[in-house]
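K.L.:
Pasting in a structure now, in structure tokens, and then I'll have a few things to ask.
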Number of protein chains: 2
Amino acid sequence: MIDLPLDPSLFEERLRFEGGLRYHDRHPFHERMHEGHLSRRELAIWVENRYYYQTRLPIKDALIVAKSENREFRRAWAERIVEQDGKAHAAADDPEAGGLELWLALAEGVDLDRRRVESFADVLPRVRRACDRYVDFVREATIVEAVASSLTECFAPDLMERRILAWDRHYPWVARRARAYFERRVRRARVDSTHGLELVLKEAVTHQVQELCVDALVLKCEILWEMLDAIDEASATGAAIGRIA
Amino acid sequence: MIDLPLDPSLFEERLRFEGGLRYHDRHPFHERMHEGHLSRRELAIWVENRYYYQTRLPIKDALIVAKSENREFRRAWAERIVEQDGKAHAAADDPEAGGLELWLALAEGVDLDRRRVESFADVLPRVRRACDRYVDFVREATIVEAVASSLTECFAPDLMERRILAWDRHYPWVARRARAYFERRVRRARVDSTHGLELVLKEAVTHQVQELCVDALVLKCEILWEMLDAIDEASATGAAIGRIA
């Protein structure tokens, strides 16, 4: 009895429950961000370290594309690579600019040096390890687990909407166009998470695979949380600030 | 002295020499194809088995994208995934149709059942093994080796042009629009091989890496050759023809 699979709607509920419980919107660093308590230096540390995470996205998405035998799935998932990498040599305010370009515009908006950010020179070792662990997990996982680990996106639009309001209110010194990434992700994460969830609900039809999917989502939540722990610690102790004015 | 790297132009010459020597345009099966000696059944066996190879392309290309830390490289290489998988739910004669869709149109043009071809049910075990070996190689290889293995594309446009003329002349019963794939590849392979060669010439700057690149290209030639050996044998012995009228 205990090993029966959940039906799709209950399984979705379980994923949303387990993910929602552990999603990093509740992390103290995010809470301080949204309450307007971060200094310029702390915001910059966050932007710079998070850039490393952002650069892992097209890589893990390409790994997911390579796992699929389904042309339509690959076609839809490959859009995520383009979504981050961009379509052409587009400027940051160009609608064709990819997410990575928009994130670099955000970095400049918090007074970071673009080339320094791109070099990863100041990425905290714990952040790098957490992100690499995510890519390694995706590389080795089955497609359904890899996609399940992406389902933190189900919770991203709400977090992003709170972030947009918080930055408008508390960090107006960051130019509005430097924050374009957040606005784009609100829409995009809804589309993407729906597509990911569709595959997971369709493919995870045994108890065992459903549990592996929950584990994958929990792992991903832990990775996001670990990144903020590292950033939080660095901003408290004054590490990793050599180059931020 | 023996371990000095070749300069880029000599290295390119070496790649073209080693690849040209082993490229499958000289395979007896291709020679028979171009001389108009293949039966309908033999053409169909070739088309059906080659489809399995075609379906490996977006997978190996996604693996290559995932190996790159360079956004511009990924952006350009990701186009290959779209090139095969297509952009939307496009019909075969739609310019947005991907290469796989065009290959299925070719399959129908040689009187194969589309669904049967898509199922891989009649793919020869040796063909499957050869193609899987290619994907496994790319999965484990460094990016420069993986890209080097794709450089058989340098020789593809010439082969494709001969094929177009030969099919026009010898197999006119295959509808012209069913052969659209070949025409598209002439243009596309030129663009793609230039881009691949550029990376290999830029990155392979030690003797050791240059040799690994040559090995990768030779391996790929062997894989393409092995596929035709298997197809040739099957068409001679009458294996794998259960479902072809």
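Chain lettering (A, B, ...) mirrors the order of the structure tokens, residue numbering begins at 1 for each chain separately, and ligand numbering begins at 1 in order of display.
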Write out as a VMD selection string every residue belonging to chain B that has an atom at most 6 Å from any atom of chain A, counting only C-alpha atoms.

P.N.:
chain B and resid 59 62 to 63 66 71 85

K.L.:
Okay, now the selection with C-alpha atoms, as a PDB file, in the first residue's frame?

P.N.:
ATOM      1  CA  ILE B  59      21.715  14.911 -28.556  1.00  0.00           C
ATOM      2  CA  ALA B  62      23.444  19.457 -26.763  1.00  0.00           C
ATOM      3  CA  LEU B  63      26.306  17.592 -25.064  1.00  0.00           C
ATOM      4  CA  ALA B  66      27.012  21.768 -22.212  1.00  0.00           C
ATOM      5  CA  ARG B  71      28.344  32.102 -24.321  1.00  0.00           C
ATOM      6  CA  ASP B  85      14.733  19.494 -34.160  1.00  0.00           C
TER       7      ASP B  85
END

K.L.:
Skip B:Arg176 itself and residues of its chain fewer than 6 positions away, then list as a list in words all residues within 10 Å of it, counting only C-alpha atoms.

P.N.:
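Listed by chain and then number, they are Leu106, Gly109, Ile164, Trp167 and Asp168 of chain B.
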
K.L.:
Given only C-alpha atoms as the basis, pick out the residue of A:Tyr171, A:Tyr134, A:Phe17, A:Tyr181 nearest to A:Tyr53.

P.N.:
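Of the candidates, the smallest distance to A:Tyr53 is held by A:Tyr134.
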
K.L.:
May I ask for the distance between atom CA of B:Glu118 and atom CA of B:Ala180, given in Å to one decimal place?

P.N.:
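Value for the atom CA of B:Glu118-atom CA of B:Ala180 distance: 18.7 Å.
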
K.L.:
If you measure from atom CA of B:Glu145 to atom CA of B:Ala216, what distance in Å do you get, rounded to one decimal?

P.N.:
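Rounded to one decimal, the two atoms are 5.8 Å apart.
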
K.L.:
List the spatial neighbours of A:Val144 as a short mmCIF file (atom, residue, chain, number, x, y, z; two decimals) with N, CA, C and O atoms, in the first residue's frame - criterion: any atom at most 9 Å away, only C-alpha atoms, same-chain residues fewer than 5 positions off excluded.

P.N.:
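Now in selection24.cif:
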data_model
loop_
_atom_site.label_atom_id
_atom_site.label_comp_id
_atom_site.auth_asym_id
_atom_site.auth_seq_id
_atom_site.Cartn_x
_atom_site.Cartn_y
_atom_site.Cartn_z
N SER A 149 14.38 18.66 -10.56
CA SER A 149 15.23 19.59 -9.81
C SER A 149 15.06 21.03 -10.29
O SER A 149 15.38 21.97 -9.56
N GLY A 196 8.03 21.99 -17.33
CA GLY A 196 8.79 21.01 -16.55
C GLY A 196 7.87 20.12 -15.75
O GLY A 196 8.02 18.89 -15.71
N LEU A 199 6.18 17.33 -17.75
CA LEU A 199 6.98 16.12 -17.96
C LEU A 199 7.07 15.28 -16.69
O LEU A 199 6.91 14.06 -16.74
N VAL A 200 7.30 15.92 -15.57
CA VAL A 200 7.48 15.17 -14.32
C VAL A 200 6.19 14.42 -13.96
O VAL A 200 6.22 13.24 -13.62
N GLU A 203 5.82 11.47 -16.44
CA GLU A 203 6.82 10.41 -16.44
C GLU A 203 6.97 9.72 -15.08
O GLU A 203 7.35 8.55 -15.03
N ALA A 204 6.72 10.43 -14.03
CA ALA A 204 6.94 9.84 -12.70
C ALA A 204 5.68 9.12 -12.25
O ALA A 204 4.84 9.67 -11.55
N VAL A 209 9.95 6.42 -8.50
CA VAL A 209 10.38 7.57 -9.31
C VAL A 209 9.83 8.87 -8.72
O VAL A 209 10.51 9.90 -8.70
N LEU A 212 12.11 9.84 -6.01
CA LEU A 212 13.37 10.37 -6.55
C LEU A 212 13.19 11.82 -7.03
O LEU A 212 14.09 12.65 -6.88
N CYS A 213 12.02 12.11 -7.57
CA CYS A 213 11.73 13.48 -8.01
C CYS A 213 11.64 14.44 -6.83
O CYS A 213 12.15 15.56 -6.88
#

K.L.:
What is the distance, in Å and to one decimal place, between atom CA of B:Ala175 and atom CA of B:Leu104?

P.N.:
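Calculated distance between atom CA of B:Ala175 and atom CA of B:Leu104 is 13.0 Å.
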
K.L.:
With only C-alpha atoms as the counted atoms, please give the residues lying no more than 8 Å from A:Glu161, apart from itself and same-chain residues fewer than 5 positions off, as a list of chain:residue names.

P.N.:
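Neighbouring residues, sequence-local ones excluded: A:Phe182, A:Glu183, A:Val186.
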
K.L.:
Stretch 5-124 of chain B: which residues are alpha helix (DSSP H) by DSSP, as an mmCIF file with C-alpha atoms, in the first residue's frame?

P.N.:
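Just written: result-v3.cif:
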data_model
loop_
_atom_site.group_PDB
_atom_site.id
_atom_site.type_symbol
_atom_site.label_atom_id
_atom_site.label_comp_id
_atom_site.auth_asym_id
_atom_site.auth_seq_id
_atom_site.Cartn_x
_atom_site.Cartn_y
_atom_site.Cartn_z
ATOM 1 C CA PRO B 8 47.052 26.412 -37.494
ATOM 2 C CA SER B 9 47.216 26.252 -41.277
ATOM 3 C CA LEU B 10 49.330 23.097 -41.288
ATOM 4 C CA PHE B 11 47.136 21.576 -38.610
ATOM 5 C CA GLU B 12 44.051 22.313 -40.716
ATOM 6 C CA GLU B 13 45.783 20.678 -43.663
ATOM 7 C CA ARG B 14 46.527 17.595 -41.569
ATOM 8 C CA LEU B 15 42.908 17.348 -40.391
ATOM 9 C CA ARG B 16 41.643 17.662 -43.952
ATOM 10 C CA PHE B 17 44.118 15.059 -45.135
ATOM 11 C CA GLU B 18 43.394 12.467 -42.430
ATOM 12 C CA GLY B 19 39.659 13.056 -42.621
ATOM 13 C CA GLY B 20 39.548 13.122 -46.415
ATOM 14 C CA LEU B 21 41.387 9.819 -46.550
ATOM 15 C CA ARG B 22 38.805 8.073 -44.415
ATOM 16 C CA PRO B 28 31.477 1.081 -51.813
ATOM 17 C CA PHE B 29 27.859 1.573 -50.731
ATOM 18 C CA HIS B 30 28.051 5.297 -51.472
ATOM 19 C CA GLU B 31 29.784 4.566 -54.744
ATOM 20 C CA ARG B 32 26.982 2.238 -55.739
ATOM 21 C CA MET B 33 24.461 4.855 -54.636
ATOM 22 C CA HIS B 34 26.045 7.531 -56.783
ATOM 23 C CA ARG B 40 14.600 0.783 -53.942
ATOM 24 C CA ARG B 41 14.987 -1.632 -51.102
ATOM 25 C CA GLU B 42 18.654 -0.740 -50.583
ATOM 26 C CA LEU B 43 17.917 2.978 -50.611
ATOM 27 C CA ALA B 44 15.177 2.408 -48.063
ATOM 28 C CA ILE B 45 17.490 0.417 -45.782
ATOM 29 C CA TRP B 46 19.987 3.257 -45.952
ATOM 30 C CA VAL B 47 17.382 5.945 -45.232
ATOM 31 C CA GLU B 48 15.867 4.025 -42.344
ATOM 32 C CA ASN B 49 19.166 3.210 -40.656
ATOM 33 C CA ARG B 50 20.620 6.624 -41.230
ATOM 34 C CA TYR B 51 17.593 8.110 -39.464
ATOM 35 C CA TYR B 52 18.919 6.680 -36.221
ATOM 36 C CA TYR B 53 22.162 8.572 -36.813
ATOM 37 C CA GLN B 54 20.214 11.762 -37.542
ATOM 38 C CA THR B 55 18.348 11.479 -34.239
ATOM 39 C CA ARG B 56 21.669 11.324 -32.377
ATOM 40 C CA LEU B 57 22.743 14.703 -33.770
ATOM 41 C CA PRO B 58 20.720 17.043 -31.554
ATOM 42 C CA ILE B 59 21.715 14.911 -28.556
ATOM 43 C CA LYS B 60 25.432 15.081 -29.255
ATOM 44 C CA ASP B 61 25.133 18.769 -30.096
ATOM 45 C CA ALA B 62 23.444 19.457 -26.763
ATOM 46 C CA LEU B 63 26.306 17.592 -25.064
ATOM 47 C CA ILE B 64 28.769 19.855 -26.854
ATOM 48 C CA VAL B 65 26.846 22.989 -25.824
ATOM 49 C CA ALA B 66 27.012 21.768 -22.212
ATOM 50 C CA LYS B 67 30.807 21.541 -22.403
ATOM 51 C CA ARG B 71 28.344 32.102 -24.321
ATOM 52 C CA GLU B 72 28.938 32.987 -27.956
ATOM 53 C CA PHE B 73 30.114 29.514 -28.785
ATOM 54 C CA ARG B 74 27.071 27.969 -27.079
ATOM 55 C CA ARG B 75 24.751 30.366 -28.866
ATOM 56 C CA ALA B 76 26.133 29.383 -32.256
ATOM 57 C CA TRP B 77 26.294 25.669 -31.475
ATOM 58 C CA ALA B 78 22.764 25.597 -30.027
ATOM 59 C CA GLU B 79 21.534 26.524 -33.508
ATOM 60 C CA ARG B 80 22.479 23.027 -34.569
ATOM 61 C CA ILE B 81 19.970 21.570 -32.137
ATOM 62 C CA VAL B 82 17.252 23.755 -33.627
ATOM 63 C CA GLU B 83 18.532 22.921 -37.115
ATOM 64 C CA GLN B 84 17.677 19.257 -36.531
ATOM 65 C CA ASP B 85 14.733 19.494 -34.160
ATOM 66 C CA GLY B 99 16.324 18.253 -40.329
ATOM 67 C CA LEU B 100 14.658 15.306 -38.589
ATOM 68 C CA GLU B 101 11.329 16.254 -40.095
ATOM 69 C CA LEU B 102 12.947 16.532 -43.519
ATOM 70 C CA TRP B 103 14.544 13.125 -43.053
ATOM 71 C CA LEU B 104 11.154 11.616 -42.246
ATOM 72 C CA ALA B 105 9.856 13.165 -45.466
ATOM 73 C CA LEU B 106 12.728 11.421 -47.228
ATOM 74 C CA ALA B 107 11.725 8.159 -45.560
ATOM 75 C CA GLU B 108 8.199 8.588 -46.877
ATOM 76 C CA GLY B 109 9.683 9.406 -50.272
ATOM 77 C CA ARG B 114 6.985 7.144 -40.945
ATOM 78 C CA ARG B 115 5.960 5.724 -37.583
ATOM 79 C CA ARG B 116 7.948 2.563 -38.140
ATOM 80 C CA VAL B 117 11.047 4.618 -38.939
ATOM 81 C CA GLU B 118 10.493 6.763 -35.849
ATOM 82 C CA SER B 119 10.252 3.648 -33.707
#

K.L.:
As an mmCIF file with C-alpha atoms, in the first residue's frame, please: the residues near A:Ala156 (cut-off 12 Å, only C-alpha atoms, same-chain neighbours under 2 positions excluded).

P.N.:
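And here's around-v1.cif as it stands now:
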data_model
loop_
_atom_site.group_PDB
_atom_site.id
_atom_site.type_symbol
_atom_site.label_atom_id
_atom_site.label_comp_id
_atom_site.auth_asym_id
_atom_site.auth_seq_id
_atom_site.Cartn_x
_atom_site.Cartn_y
_atom_site.Cartn_z
ATOM 1 C CA GLY A 19 9.529 22.512 -2.430
ATOM 2 C CA GLY A 20 7.592 25.375 -0.881
ATOM 3 C CA TYR A 23 12.507 27.263 -1.103
ATOM 4 C CA HIS A 24 15.035 30.009 -0.475
ATOM 5 C CA ASP A 25 12.483 32.807 -0.377
ATOM 6 C CA SER A 150 14.301 22.546 -12.019
ATOM 7 C CA LEU A 151 10.873 22.819 -10.406
ATOM 8 C CA THR A 152 12.080 25.406 -7.921
ATOM 9 C CA GLU A 153 10.896 27.587 -10.811
ATOM 10 C CA CYS A 154 7.345 26.978 -9.630
ATOM 11 C CA ASP A 158 6.269 34.980 -6.478
ATOM 12 C CA LEU A 159 9.777 35.558 -5.157
ATOM 13 C CA MET A 160 10.629 37.640 -8.204
ATOM 14 C CA GLU A 161 7.520 39.803 -7.806
ATOM 15 C CA ARG A 162 8.374 40.505 -4.185
ATOM 16 C CA ARG A 163 11.922 41.293 -5.233
ATOM 17 C CA PHE A 182 13.690 40.047 -12.709
ATOM 18 C CA GLU A 183 10.753 41.251 -14.773
ATOM 19 C CA ARG A 184 11.564 38.893 -17.576
ATOM 20 C CA ARG A 185 11.841 35.922 -15.225
ATOM 21 C CA VAL A 186 8.364 36.456 -13.766
ATOM 22 C CA ARG A 187 6.782 35.633 -17.113
ATOM 23 C CA ARG A 188 9.331 33.115 -18.240
ATOM 24 C CA ALA A 189 9.457 31.058 -15.044
ATOM 25 C CA ARG A 190 5.698 30.522 -15.262
ATOM 26 C CA VAL A 191 5.961 29.104 -18.761
ATOM 27 C CA ASP A 192 9.044 27.042 -17.952
ATOM 28 C CA SER A 193 7.793 25.563 -14.711
ATOM 29 C CA CYS A 221 16.310 23.734 -2.665
ATOM 30 C CA LEU A 224 19.926 27.399 -3.427
#

K.L.:
Using only C-alpha atoms, which protein or nucleic acid residues come within 9 Å of A:Thr206? Drop anything in the same chain fewer than 5 positions from it, and give the result as a VMD selection string.

P.N.:
chain A and resid 3 to 6 211

K.L.:
If you keep C-alpha atoms, can you produce a file of those selected residues as a short mmCIF file (atom, residue, chain, number, x, y, z; two decimals), in the first residue's frame?

P.N.:
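Output below, filename again13.cif:
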data_model
loop_
_atom_site.label_atom_id
_atom_site.label_comp_id
_atom_site.auth_asym_id
_atom_site.auth_seq_id
_atom_site.Cartn_x
_atom_site.Cartn_y
_atom_site.Cartn_z
CA ASP A 3 4.45 1.90 -2.43
CA LEU A 4 1.52 2.96 -4.59
CA PRO A 5 2.21 6.03 -6.71
CA LEU A 6 0.28 9.20 -6.03
CA GLU A 211 10.23 9.83 -4.47
#
